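**Q** Pasting upload_30.txt here (compact mmCIF, C-alpha atoms and all ligand atoms):
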# COMPACT_ATOMS: atom_id res chain seq x y z
CA CYS X 24 11.76 -7.16 -3.14
CA LEU X 25 12.40 -8.00 -6.77
CA LEU X 26 12.91 -4.47 -8.04
CA CYS X 27 15.30 -3.17 -5.47
CA SER X 28 17.87 -4.36 -3.03
CA CYS X 29 20.98 -3.31 -1.25
CA SER X 30 23.91 -3.86 -3.53
CA GLN X 31 26.38 -4.87 -0.90
CA LYS X 32 26.75 -5.06 2.81
CA GLY X 33 27.47 -1.84 4.58
CA PRO X 34 29.97 -1.51 7.40
CA ALA X 35 29.69 -4.27 9.95
CA GLU X 36 27.66 -2.25 12.44
CA GLN X 37 25.12 -1.27 9.81
CA ARG X 38 21.75 -2.95 9.63
CA ILE X 39 19.17 -3.05 6.85
CA ARG X 40 15.60 -2.58 8.01
CA ARG X 41 12.30 -2.48 6.15
CA ILE X 42 8.66 -1.67 6.77
CA ASN X 43 5.77 -2.23 4.33
CA ARG X 44 2.30 -0.77 4.26
CA PRO X 45 -0.50 -1.21 1.69
CA MET X 46 -1.55 2.16 0.31
CA MET X 47 -2.49 3.86 -3.00
CA GLY X 48 -3.49 0.54 -4.51
CA THR X 49 -0.04 -0.94 -3.98
CA LEU X 50 2.41 -1.95 -1.30
CA ILE X 51 4.69 0.83 -0.12
CA GLU X 52 8.06 -0.39 1.03
CA VAL X 53 10.62 1.67 2.94
CA VAL X 54 14.10 0.21 3.34
CA TRP X 55 16.83 1.95 5.30
CA ARG X 56 20.26 1.40 6.75
CA THR X 57 20.96 2.27 10.34
CA THR X 58 23.90 2.28 12.66
CA GLY X 59 23.95 2.54 16.41
CA GLU X 60 21.07 3.11 18.74
CA GLY X 61 18.15 4.74 16.97
CA THR X 62 16.52 2.30 14.60
CA GLY X 63 14.45 4.87 12.70
CA ALA X 64 11.28 2.75 12.76
CA GLU X 65 9.28 5.56 14.36
CA VAL X 66 10.39 8.00 11.71
CA VAL X 67 9.44 5.55 8.97
CA ARG X 68 6.01 4.96 10.47
CA SER X 69 5.31 8.66 10.72
CA THR X 70 6.47 9.02 7.11
CA LEU X 71 4.01 6.34 6.01
CA ASP X 72 1.24 8.12 7.97
CA ARG X 73 2.09 11.31 6.15
CA MET X 74 2.04 9.53 2.77
CA GLU X 75 -1.40 8.17 3.62
CA ALA X 76 -2.70 11.63 4.51
CA LEU X 77 -1.30 13.14 1.31
CA SER X 78 -2.68 10.40 -0.90
CA SER X 79 -6.19 10.67 0.50
CA ARG X 80 -6.17 14.39 -0.29
CA MET X 81 -5.12 13.74 -3.89
CA SER X 82 -7.32 10.75 -4.56
CA LEU X 83 -10.19 10.64 -7.06
CA HIS X 84 -12.50 9.34 -4.35
CA GLY X 85 -13.22 9.69 -0.68
CA PRO X 86 -14.43 12.26 1.79
CA ALA X 87 -10.91 13.51 2.59
CA SER X 88 -10.08 14.29 -1.01
CA GLU X 89 -9.46 17.89 -2.01
CA LEU X 90 -9.30 16.71 -5.61
CA VAL X 91 -12.94 15.57 -5.43
CA GLU X 92 -13.88 19.06 -4.20
CA ILE X 93 -12.06 20.68 -7.11
CA ASN X 94 -13.76 18.36 -9.62
CA GLU X 95 -17.19 18.93 -8.13
CA ALA X 96 -16.75 22.70 -8.31
CA ALA X 97 -15.61 22.62 -11.96
CA GLY X 98 -17.17 25.49 -13.91
CA LYS X 99 -18.61 26.94 -10.70
CA GLU X 100 -16.02 28.26 -8.31
CA PRO X 101 -12.39 28.12 -7.22
CA VAL X 102 -11.64 25.75 -4.34
CA LYS X 103 -9.17 26.44 -1.56
CA VAL X 104 -6.72 23.57 -1.14
CA SER X 105 -3.56 22.64 0.77
CA PRO X 106 -0.17 23.99 -0.35
CA GLU X 107 0.96 20.47 -1.31
CA LEU X 108 -1.94 20.02 -3.73
CA LEU X 109 -1.38 23.49 -5.20
CA ASP X 110 2.27 22.64 -5.64
CA LEU X 111 1.54 19.29 -7.27
CA ILE X 112 -1.05 20.74 -9.65
CA GLU X 113 1.33 23.48 -10.70
CA LYS X 114 4.11 20.94 -11.27
CA SER X 115 1.68 18.79 -13.29
CA LEU X 116 0.76 21.72 -15.50
CA SER X 117 4.38 22.59 -16.15
CA LEU X 118 5.11 18.98 -17.13
CA SER X 119 2.08 19.14 -19.44
CA ARG X 120 3.59 22.15 -21.16
CA MET X 121 7.03 20.56 -21.36
CA THR X 122 5.65 17.34 -22.90
CA GLY X 123 3.48 19.18 -25.41
CA GLY X 124 0.34 17.96 -23.66
CA ALA X 125 1.19 14.23 -23.77
CA PHE X 126 1.01 14.32 -20.01
CA ASP X 127 -2.29 16.01 -19.20
CA PRO X 128 -3.89 15.74 -15.74
CA THR X 129 -7.28 16.79 -17.15
CA VAL X 130 -7.49 13.55 -19.09
CA GLY X 131 -9.83 12.29 -16.34
CA SER X 132 -13.02 12.65 -18.37
CA VAL X 133 -11.67 10.34 -21.08
CA GLU X 134 -10.16 8.00 -18.51
CA ALA X 135 -13.63 7.67 -16.97
CA VAL X 136 -15.18 6.69 -20.32
CA TRP X 137 -12.66 3.87 -20.75
CA GLY X 138 -12.98 2.89 -17.11
CA ASP X 139 -16.68 2.31 -17.74
CA ILE X 140 -16.01 -0.53 -20.16
CA GLN X 141 -15.04 -2.55 -17.15
CA ARG X 142 -17.30 -1.10 -14.50
CA GLU X 143 -20.66 -1.15 -16.25
CA GLY X 144 -20.17 -1.60 -19.97
CA GLY X 145 -19.79 -5.38 -19.77
CA GLY X 146 -16.64 -5.11 -21.84
CA ARG X 147 -18.20 -3.06 -24.64
CA LEU X 148 -15.87 -0.40 -25.94
CA PRO X 149 -17.00 3.24 -25.85
CA GLY X 150 -18.35 4.63 -29.09
CA GLU X 151 -16.35 7.18 -31.01
CA GLU X 152 -18.88 9.80 -30.08
CA ASP X 153 -18.52 9.13 -26.35
CA VAL X 154 -14.77 9.48 -26.67
CA ARG X 155 -15.10 12.68 -28.68
CA ASP X 156 -17.51 14.17 -26.15
CA ALA X 157 -15.19 13.30 -23.28
CA LEU X 158 -12.28 14.93 -25.12
CA ASP X 159 -14.13 18.25 -24.97
CA TRP X 160 -13.25 18.47 -21.28
CA VAL X 161 -9.55 17.77 -21.72
CA GLY X 162 -7.23 20.79 -21.62
CA TYR X 163 -4.59 21.50 -19.01
CA GLU X 164 -4.43 25.13 -20.24
CA ARG X 165 -7.80 25.74 -18.63
CA VAL X 166 -6.80 24.98 -15.05
CA ARG X 167 -6.28 28.08 -12.92
CA VAL X 168 -3.95 27.96 -9.93
CA ASP X 169 -4.06 31.06 -7.73
CA TRP X 170 -1.19 31.04 -5.24
CA GLU X 171 -2.36 34.15 -3.44
CA MET X 172 -5.84 32.83 -2.77
CA LYS X 173 -4.51 29.24 -2.57
CA THR X 174 -7.23 28.06 -4.94
CA VAL X 175 -7.65 25.85 -7.98
CA PHE X 176 -10.37 26.39 -10.54
CA LEU X 177 -11.36 24.18 -13.47
CA GLU X 178 -12.83 26.47 -16.07
CA LYS X 179 -15.53 24.22 -17.41
CA GLU X 180 -18.23 22.15 -15.78
CA GLY X 181 -17.42 18.49 -16.26
CA ARG X 182 -13.67 19.01 -16.45
CA ARG X 183 -11.93 16.54 -14.23
CA LEU X 184 -8.47 16.51 -12.73
CA ASP X 185 -6.86 13.10 -12.39
CA LEU X 186 -3.41 13.06 -10.80
CA GLY X 187 -2.96 9.28 -11.16
CA GLY X 188 0.00 9.74 -13.49
CA ILE X 189 2.09 11.84 -11.07
CA ALA X 190 0.74 11.80 -7.49
CA LYS X 191 2.54 8.64 -6.44
CA GLY X 192 5.84 10.09 -7.60
CA TYR X 193 5.18 13.35 -5.79
CA ILE X 194 4.25 11.60 -2.56
CA VAL X 195 7.42 9.51 -2.74
CA ASP X 196 9.47 12.71 -3.11
CA GLN X 197 7.75 14.25 -0.11
CA ALA X 198 8.31 11.09 1.90
CA MET X 199 12.01 10.99 1.04
CA ALA X 200 12.42 14.63 2.11
CA TRP X 201 10.63 13.79 5.35
CA LEU X 202 12.93 10.78 6.02
CA ASN X 203 16.09 12.72 5.16
CA GLY X 204 15.03 15.67 7.30
CA ARG X 205 14.69 13.34 10.28
CA GLY X 206 18.09 11.80 9.97
CA LEU X 207 17.40 8.80 7.71
CA ARG X 208 19.63 9.70 4.80
CA ASP X 209 20.37 6.21 3.59
CA ALA X 210 16.96 5.01 2.42
CA LEU X 211 14.89 3.56 -0.39
CA ILE X 212 11.15 3.96 -1.00
CA ASN X 213 9.34 1.72 -3.45
CA ALA X 214 5.72 2.56 -4.21
CA GLY X 215 4.86 -0.25 -6.61
CA GLY X 216 7.42 0.70 -9.24
CA ASP X 217 7.89 4.34 -8.24
CA ILE X 218 11.29 4.07 -6.62
CA ARG X 219 13.40 6.75 -4.98
CA VAL X 220 16.73 6.24 -3.24
CA SER X 221 19.03 8.43 -1.23
CA GLY X 222 22.42 7.86 0.30
CA THR X 223 25.46 9.59 1.69
CA ALA X 224 28.86 9.70 0.05
CA GLU X 225 29.96 6.75 2.18
CA SER X 226 26.91 4.57 1.76
CA PRO X 227 26.89 1.77 -0.81
CA PRO X 228 24.51 2.37 -3.74
CA TRP X 229 21.17 0.65 -4.10
CA ARG X 230 20.54 -1.93 -6.79
CA ILE X 231 17.44 -1.18 -8.86
CA GLY X 232 15.84 -3.72 -11.16
CA VAL X 233 13.98 -2.94 -14.38
CA GLN X 234 10.92 -5.15 -14.73
CA ASP X 235 10.48 -7.24 -17.89
CA PRO X 236 7.05 -6.16 -19.17
CA PHE X 237 6.50 -9.50 -20.90
CA GLU X 238 7.09 -11.71 -17.91
CA LYS X 239 6.08 -10.95 -14.36
CA GLY X 240 8.84 -11.66 -11.90
CA ARG X 241 11.61 -11.37 -14.45
CA LEU X 242 14.03 -8.46 -14.74
CA LEU X 243 15.38 -6.96 -17.94
CA GLY X 244 18.38 -5.85 -15.99
CA SER X 245 19.53 -3.83 -13.04
CA PHE X 246 21.83 -0.98 -12.12
CA LEU X 247 23.28 0.78 -9.12
CA LEU X 248 21.99 4.14 -7.98
CA GLN X 249 23.05 6.28 -5.06
CA GLN X 250 20.61 9.13 -5.42
CA GLY X 251 17.53 9.65 -7.58
CA ALA X 252 14.28 8.19 -8.84
CA VAL X 253 13.30 5.33 -11.15
CA VAL X 254 9.70 5.03 -12.31
CA THR X 255 8.12 2.53 -14.67
CA SER X 256 4.85 2.93 -16.52
CA GLY X 257 3.52 -0.04 -18.33
CA THR X 258 0.51 -1.59 -19.95
CA TYR X 259 1.12 -4.94 -18.26
CA GLU X 260 -0.06 -4.28 -14.72
CA ARG X 261 -3.00 -1.95 -14.90
CA TYR X 262 -5.32 -2.03 -17.90
CA PHE X 263 -8.99 -2.12 -18.94
CA GLU X 264 -10.32 -5.43 -20.13
CA GLY X 265 -12.81 -5.21 -22.98
CA GLU X 266 -13.86 -6.55 -26.37
CA GLY X 267 -10.80 -7.29 -28.41
CA GLY X 268 -8.36 -7.46 -25.54
CA ARG X 269 -6.67 -5.27 -23.01
CA PHE X 270 -6.42 -1.52 -23.16
CA ALA X 271 -3.80 0.57 -21.43
CA HIS X 272 -4.96 2.73 -18.53
CA ILE X 273 -2.92 5.52 -20.08
CA VAL X 274 -4.81 7.48 -22.71
CA ASP X 275 -3.55 9.80 -25.42
CA PRO X 276 -5.05 13.25 -24.72
CA ALA X 277 -4.90 14.00 -28.46
CA THR X 278 -7.04 11.05 -29.57
CA GLY X 279 -8.81 9.95 -26.40
CA ARG X 280 -7.66 6.40 -27.02
CA PRO X 281 -5.56 4.05 -24.86
CA VAL X 282 -1.92 4.09 -25.89
CA GLU X 283 -0.30 1.36 -27.99
CA GLY X 284 3.21 0.77 -29.20
CA LEU X 285 5.30 0.78 -26.08
CA VAL X 286 4.66 -1.84 -23.43
CA SER X 287 6.75 -0.13 -20.80
CA ALA X 288 8.73 3.03 -20.15
CA THR X 289 11.20 3.32 -17.30
CA VAL X 290 12.50 6.80 -16.56
CA ILE X 291 15.42 7.67 -14.30
CA ALA X 292 15.48 11.25 -13.03
CA GLU X 293 16.48 13.21 -9.97
CA GLU X 294 12.95 13.51 -8.62
CA SER X 295 10.27 10.92 -8.81
CA PHE X 296 7.34 13.22 -9.75
CA VAL X 297 9.30 14.12 -12.90
CA ALA X 298 10.13 10.49 -13.68
CA ASP X 299 6.49 9.50 -13.06
CA ALA X 300 5.00 12.12 -15.39
CA LEU X 301 7.66 11.53 -18.04
CA ALA X 302 7.14 7.76 -18.01
CA THR X 303 3.43 8.36 -18.65
CA ALA X 304 4.20 10.94 -21.35
CA VAL X 305 6.63 8.64 -23.15
CA MET X 306 4.00 5.88 -23.19
CA VAL X 307 1.67 8.37 -24.88
CA LYS X 308 4.17 9.62 -27.43
CA GLY X 309 5.53 6.24 -28.39
CA ARG X 310 9.11 5.30 -29.10
CA GLN X 311 10.26 7.91 -31.59
CA GLU X 312 8.62 11.04 -30.24
CA GLY X 313 8.90 9.80 -26.68
CA LEU X 314 12.66 9.59 -26.97
CA ALA X 315 12.76 13.03 -28.60
CA THR X 316 10.78 14.44 -25.66
CA LEU X 317 13.00 12.80 -23.10
CA VAL X 318 16.30 14.07 -24.47
CA ARG X 319 15.02 17.59 -23.80
CA PHE X 320 15.18 16.83 -20.07
CA PRO X 321 18.92 16.93 -19.42
CA THR X 322 18.85 14.80 -16.31
CA ALA X 323 16.31 12.17 -17.36
CA ARG X 324 17.27 8.82 -18.88
CA GLY X 325 15.09 5.99 -20.10
CA VAL X 326 14.66 2.32 -20.90
CA PHE X 327 11.70 1.56 -23.17
CA VAL X 328 10.27 -1.68 -24.44
CA GLU X 329 8.33 -1.89 -27.67
CA ARG X 330 5.57 -4.37 -28.34
CA ASN X 331 7.86 -6.15 -30.83
CA GLY X 332 10.38 -6.82 -28.05
CA THR X 333 12.95 -4.15 -28.90
CA ILE X 334 14.48 -2.58 -25.81
CA TRP X 335 15.69 1.01 -26.14
CA VAL X 336 18.32 2.09 -23.65
CA ALA X 337 19.77 5.59 -23.20
CA GLU X 338 23.36 5.71 -24.43
CA ASP X 339 24.38 6.99 -20.99
CA LEU X 340 23.16 3.81 -19.40
CA LYS X 341 25.27 1.55 -21.63
CA ASN X 342 27.93 1.03 -18.99
CA ILE X 343 25.55 1.18 -16.07
CA LEU X 344 22.64 -1.09 -16.85
CA GLU X 345 23.54 -4.73 -16.45
CA LEU X 346 21.20 -6.54 -18.80
CA ALA X 347 19.92 -9.98 -17.98
CA PRO X 348 20.24 -12.64 -20.72
CA LEU X 349 17.61 -11.66 -23.27
CA PRO X 350 14.78 -13.93 -24.35
CA SER X 351 15.02 -14.77 -28.04
CA GLY X 352 13.35 -12.16 -30.21
CA ASN X 353 14.43 -9.27 -28.01
CA THR X 354 17.06 -6.90 -29.26
CA VAL X 355 18.67 -3.96 -27.51
CA ARG X 356 19.27 -0.60 -29.15
CA PHE X 357 20.77 2.54 -27.76
CA TYR X 358 19.51 6.08 -28.23
CA GLY X 359 20.63 9.63 -27.62
CA PRO X 360 23.91 11.46 -27.34
CA PRO X 361 26.08 10.33 -24.47
CA VAL X 362 26.11 13.10 -21.86
CA SER X 363 27.54 11.16 -19.01
CA PHE X 364 26.48 12.66 -15.75
CA LEU X 365 25.71 9.26 -14.30
CA LEU X 366 28.80 7.60 -12.91
CA PRO X 367 29.50 4.11 -14.13
CA ILE X 368 29.67 2.04 -11.00
CA SER X 369 31.86 -0.99 -11.12
P1 LIG C 1 0.88 3.57 -12.92
O1 LIG C 1 -0.53 3.71 -12.49
O2 LIG C 1 1.21 2.20 -13.40
O3 LIG C 1 1.85 4.15 -11.97
P2 LIG C 1 1.12 5.88 -14.65
O4 LIG C 1 2.04 6.63 -13.79
O5 LIG C 1 1.44 5.89 -16.10
O6 LIG C 1 1.00 4.38 -14.27
O7 LIG C 1 -0.31 6.53 -14.43
C1 LIG C 1 -1.44 6.10 -15.08
C2 LIG C 1 -2.58 6.95 -14.58
O8 LIG C 1 -2.38 8.28 -15.02
C3 LIG C 1 -3.94 6.57 -15.11
O9 LIG C 1 -4.55 5.64 -14.28
C4 LIG C 1 -4.67 7.91 -15.11
O10 LIG C 1 -5.10 8.20 -13.80
C5 LIG C 1 -3.59 8.89 -15.45
N1 LIG C 1 -3.41 9.15 -16.88
C6 LIG C 1 -3.75 8.39 -17.95
N2 LIG C 1 -3.36 8.96 -19.12
C7 LIG C 1 -2.73 10.11 -18.77
C8 LIG C 1 -2.12 11.16 -19.52
N3 LIG C 1 -2.03 11.13 -20.85
N4 LIG C 1 -1.60 12.20 -18.82
C9 LIG C 1 -1.67 12.24 -17.46
N5 LIG C 1 -2.23 11.30 -16.71
C10 LIG C 1 -2.74 10.24 -17.35
MG MG C 2 3.22 8.20 -14.35
Please express the file's structure as structure tokens.
**A**
Amino acid sequence: CLLCSCSQKGPAEQRIRRINRPMMGTLIEVVWRTTGEGTGAEVVRSTLDRMEALSSRMSLHGPASELVEINEAAGKEPVKVSPELLDLIEKSLSLSRMTGGAFDPTVGSVEAVWGDIQREGGGRLPGEEDVRDALDWVGYERVRVDWEMKTVFLEKEGRRLDLGGIAKGYIVDQAMAWLNGRGLRDALINAGGDIRVSGTAESPPWRIGVQDPFEKGRLLGSFLLQQGAVVTSGTYERYFEGEGGRFAHIVDPATGRPVEGLVSATVIAEESFVADALATAVMVKGRQEGLATLVRFPTARGVFVERNGTIWVAEDLKNILELAPLPSGNTVRFYGPPVSFLLPIS
């Protein structure tokens, strides 16, 4: 795997094992270190099964999806859903509040309008009116979560929840808890750029790569991490193709338009649902406001790349991120007050 590897060999008796499975539109990879008898493969397989079950409940399509039920009942009635979906929706709404609405899981109606340029619009961009109409349904404040009844209600017909900006991160967190709870403490999960690692005090850290958004297969740099999550959002892998070029699959809930400015945002945080939502939010807010948003999260750190090639790195990561030789035209700048909670690893 390009983005992640084991930094060094563990004790002699330790073995590195990995299992992959295609899921959620990407390849999920679980890597773990084992010693002794039990190999952990069974635990990993059951974890992947669980990830599959969770993702089909949170998907925008499919008969098993609770999210589809919620969307279909919008403006009509509350829908009873599983505790995991309630939990994720509540977490999404709190991240919406904390990012001033840059992350908004009700952006689905607008997302659908842009999605149409590829599906049936033959590349034609949506008219301003279509975008404005779709924006009418956006508003995370109008999602009701009732913990007692275990229901979710979208207050307006046509409103549409889309958890694409956070669900992968959440599922990775759940999977890591599942692995840890069954004895696999020294593990890495990579869900197509949503990475979470865990280790014990004795285990060597994992090496995590930061993808160069301008060149597939190249890294901007890498760093060592013992515990935590690293998530990258970018406009280089998933986008809508239409007249006049490519459009990001991330839309600004304030304007209804695909984001511009940043080409990628990598966020390091303790949990991957937080990193996932924040990476999306930073893409929406752009460099200046995005950085301002991120410094309000005391345990989140970022690496952002602007369209003009400038790479912004959190001051705290200065002694941690090992940058690859930069292509000409790229410059590196540092942001934020140094609040070193991350240990420099030499
Ligand atoms: P990736 O799909 O590469 O992991 P993201 O985590 O940024 O990237 O998620 C993008 C997805 O998030 C979109 O496909 C859409 O489902 C959803 N989305 C788009 N814009 C927003 C937004 N402003 N807030 C929340 N979710 C969004
Ligand atoms: Mg995201």
**Q** If you count all atoms listed in the file, which residues end up within 8 Å of ligand LIG 1 (chain C), as an MDAnalysis selection string?
**A** chainID X and resid 119 124:131 134 185:189 191 215:217 254:258 260:261 272:276 281 299:300 302:304 306:307
**Q** For the selection just defined, write its residues with C-alpha atoms to a file, as a compact mmCIF listing (two decimals), in the frame of the given file.
**A**
# COMPACT_ATOMS: atom_id res chain seq x y z
CA SER X 119 2.08 19.14 -19.44
CA GLY X 124 0.34 17.96 -23.66
CA ALA X 125 1.19 14.23 -23.77
CA PHE X 126 1.01 14.32 -20.01
CA ASP X 127 -2.29 16.01 -19.20
CA PRO X 128 -3.89 15.74 -15.74
CA THR X 129 -7.28 16.79 -17.15
CA VAL X 130 -7.49 13.55 -19.09
CA GLY X 131 -9.83 12.29 -16.34
CA GLU X 134 -10.16 8.00 -18.51
CA ASP X 185 -6.86 13.10 -12.39
CA LEU X 186 -3.41 13.06 -10.80
CA GLY X 187 -2.96 9.28 -11.16
CA GLY X 188 0.00 9.74 -13.49
CA ILE X 189 2.09 11.84 -11.07
CA LYS X 191 2.54 8.64 -6.44
CA GLY X 215 4.86 -0.25 -6.61
CA GLY X 216 7.42 0.70 -9.24
CA ASP X 217 7.89 4.34 -8.24
CA VAL X 254 9.70 5.03 -12.31
CA THR X 255 8.12 2.53 -14.67
CA SER X 256 4.85 2.93 -16.52
CA GLY X 257 3.52 -0.04 -18.33
CA THR X 258 0.51 -1.59 -19.95
CA GLU X 260 -0.06 -4.28 -14.72
CA ARG X 261 -3.00 -1.95 -14.90
CA HIS X 272 -4.96 2.73 -18.53
CA ILE X 273 -2.92 5.52 -20.08
CA VAL X 274 -4.81 7.48 -22.71
CA ASP X 275 -3.55 9.80 -25.42
CA PRO X 276 -5.05 13.25 -24.72
CA PRO X 281 -5.56 4.05 -24.86
CA ASP X 299 6.49 9.50 -13.06
CA ALA X 300 5.00 12.12 -15.39
CA ALA X 302 7.14 7.76 -18.01
CA THR X 303 3.43 8.36 -18.65
CA ALA X 304 4.20 10.94 -21.35
CA MET X 306 4.00 5.88 -23.19
CA VAL X 307 1.67 8.37 -24.88
**Q** In Å, how far is it from atom CA of X:Arg147 to atom CA of X:Val286?
**A**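 Distance reported for this atom pair: 22.9 Å.
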**Q** Considering only C-alpha atoms and all ligand atoms, can you say which of X:Gly181, X:Ser115, X:Val133, X:Gly267 comes closest to ligand MG 2 (chain C)?
**A**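 Smallest separation from ligand MG 2 (chain C) among the options: X:Ser115.
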**Q** Would you mind listing what lies within 9 Å of X:Met47 as a VMD selection string, with only C-alpha atoms counted and same-chain residues fewer than 3 positions away left out?
**A** chain X and resid 50 to 51 75 78 to 79 82 191 214
**Q** Closest to ligand MG 2 (chain C) among X:Val253, X:Ala337, X:Val326, X:Ile343, using all atoms listed in the file?
**A**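 Looking only at the distances to ligand MG 2 (chain C), the closest residue turns out to be X:Val253.
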**Q** In Å to one decimal, how far is atom CA of X:Ala347 from atom CA of X:Leu317?
**A**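 Answer for the atom CA of X:Leu317 to atom CA of X:Ala347 separation: 24.4 Å.
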**Q** Here is a test: counting all atoms listed in the file, which residue of X:Trp201, X:Gly206, X:Leu118, X:Thr278 is nearest to ligand MG 2 (chain C)?
**A** X:Leu118
**Q** So what do you get for atom CA of X:Val166 versus atom CA of X:Asn94, distance-wise?
**A**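 Atom CA of X:Val166 sits 11.0 Å away from atom CA of X:Asn94.
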**Q** For each of X:Ala298, X:Val336, X:Val195, X:Leu202, take the minimum atom-to-atom distance to ligand MG 2 (chain C), counting only C-alpha atoms and all ligand atoms, then give the residue where this is smallest.
**A**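 Looking at the shortest contact to ligand MG 2 (chain C), the residue is X:Ala298.
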**Q** Find the spatial neighbours of X:Asp110, counting all atoms listed in the file, within a cut-off of 12 Å - ignore same-chain residues fewer than 6 positions away - and output them as a ChimeraX atom specification.
**A** /X:81,104,116-117,168-170,173-175,190,193-194,197,296
**Q** Once 6 Å is added on each side, what are the centre and the three edge lengths, in Å to one decimal, of the axis-aligned box enclosing the listed atoms of stretch 214-217 of chain X? Present them as lines of an AutoDock Vina configuration file.
**A**
center_x = 6.4
center_y = 2.0
center_z = -6.7
size_x = 15.0
size_y = 16.6
size_z = 17.0
**Q** Given only C-alpha atoms and all ligand atoms as the basis, pick out the residue of X:Asn342, X:Gln311, X:Thr316, X:Ser295 nearest to ligand MG 2 (chain C).
**A**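 Residue with the minimum atom-to-atom distance to ligand MG 2 (chain C): X:Ser295.
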**Q** Point out the residue among X:Val233, X:Ile218, X:Cys27, X:Met172 with the least atom-to-atom distance to ligand MG 2 (chain C), counting only C-alpha atoms and all ligand atoms.
**A**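 Ranking X:Val233, X:Ile218, X:Cys27, X:Met172 by distance to ligand MG 2 (chain C), first place goes to X:Ile218.
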**Q** Using all atoms listed in the file, list the residues that have an atom at most 10 Å from (12.0, 6.9, -28.6), coordinates as in the file, as number ranges by chain.
**A** X: 285, 288, 305-306, 308-318, 325-329, 335-337, 357-359
**Q** Excluding X:Arg80 and any residue of its chain fewer than 6 positions from it, enumerate the residues within 7 Å of it, using all atoms listed in the file, and give them as a compact mmCIF listing (two decimals) with C-alpha atoms, in the coordinates of the input.
**A**
# COMPACT_ATOMS: atom_id res chain seq x y z
CA ALA X 87 -10.91 13.51 2.59
CA SER X 88 -10.08 14.29 -1.01
CA GLU X 89 -9.46 17.89 -2.01
CA LEU X 90 -9.30 16.71 -5.61
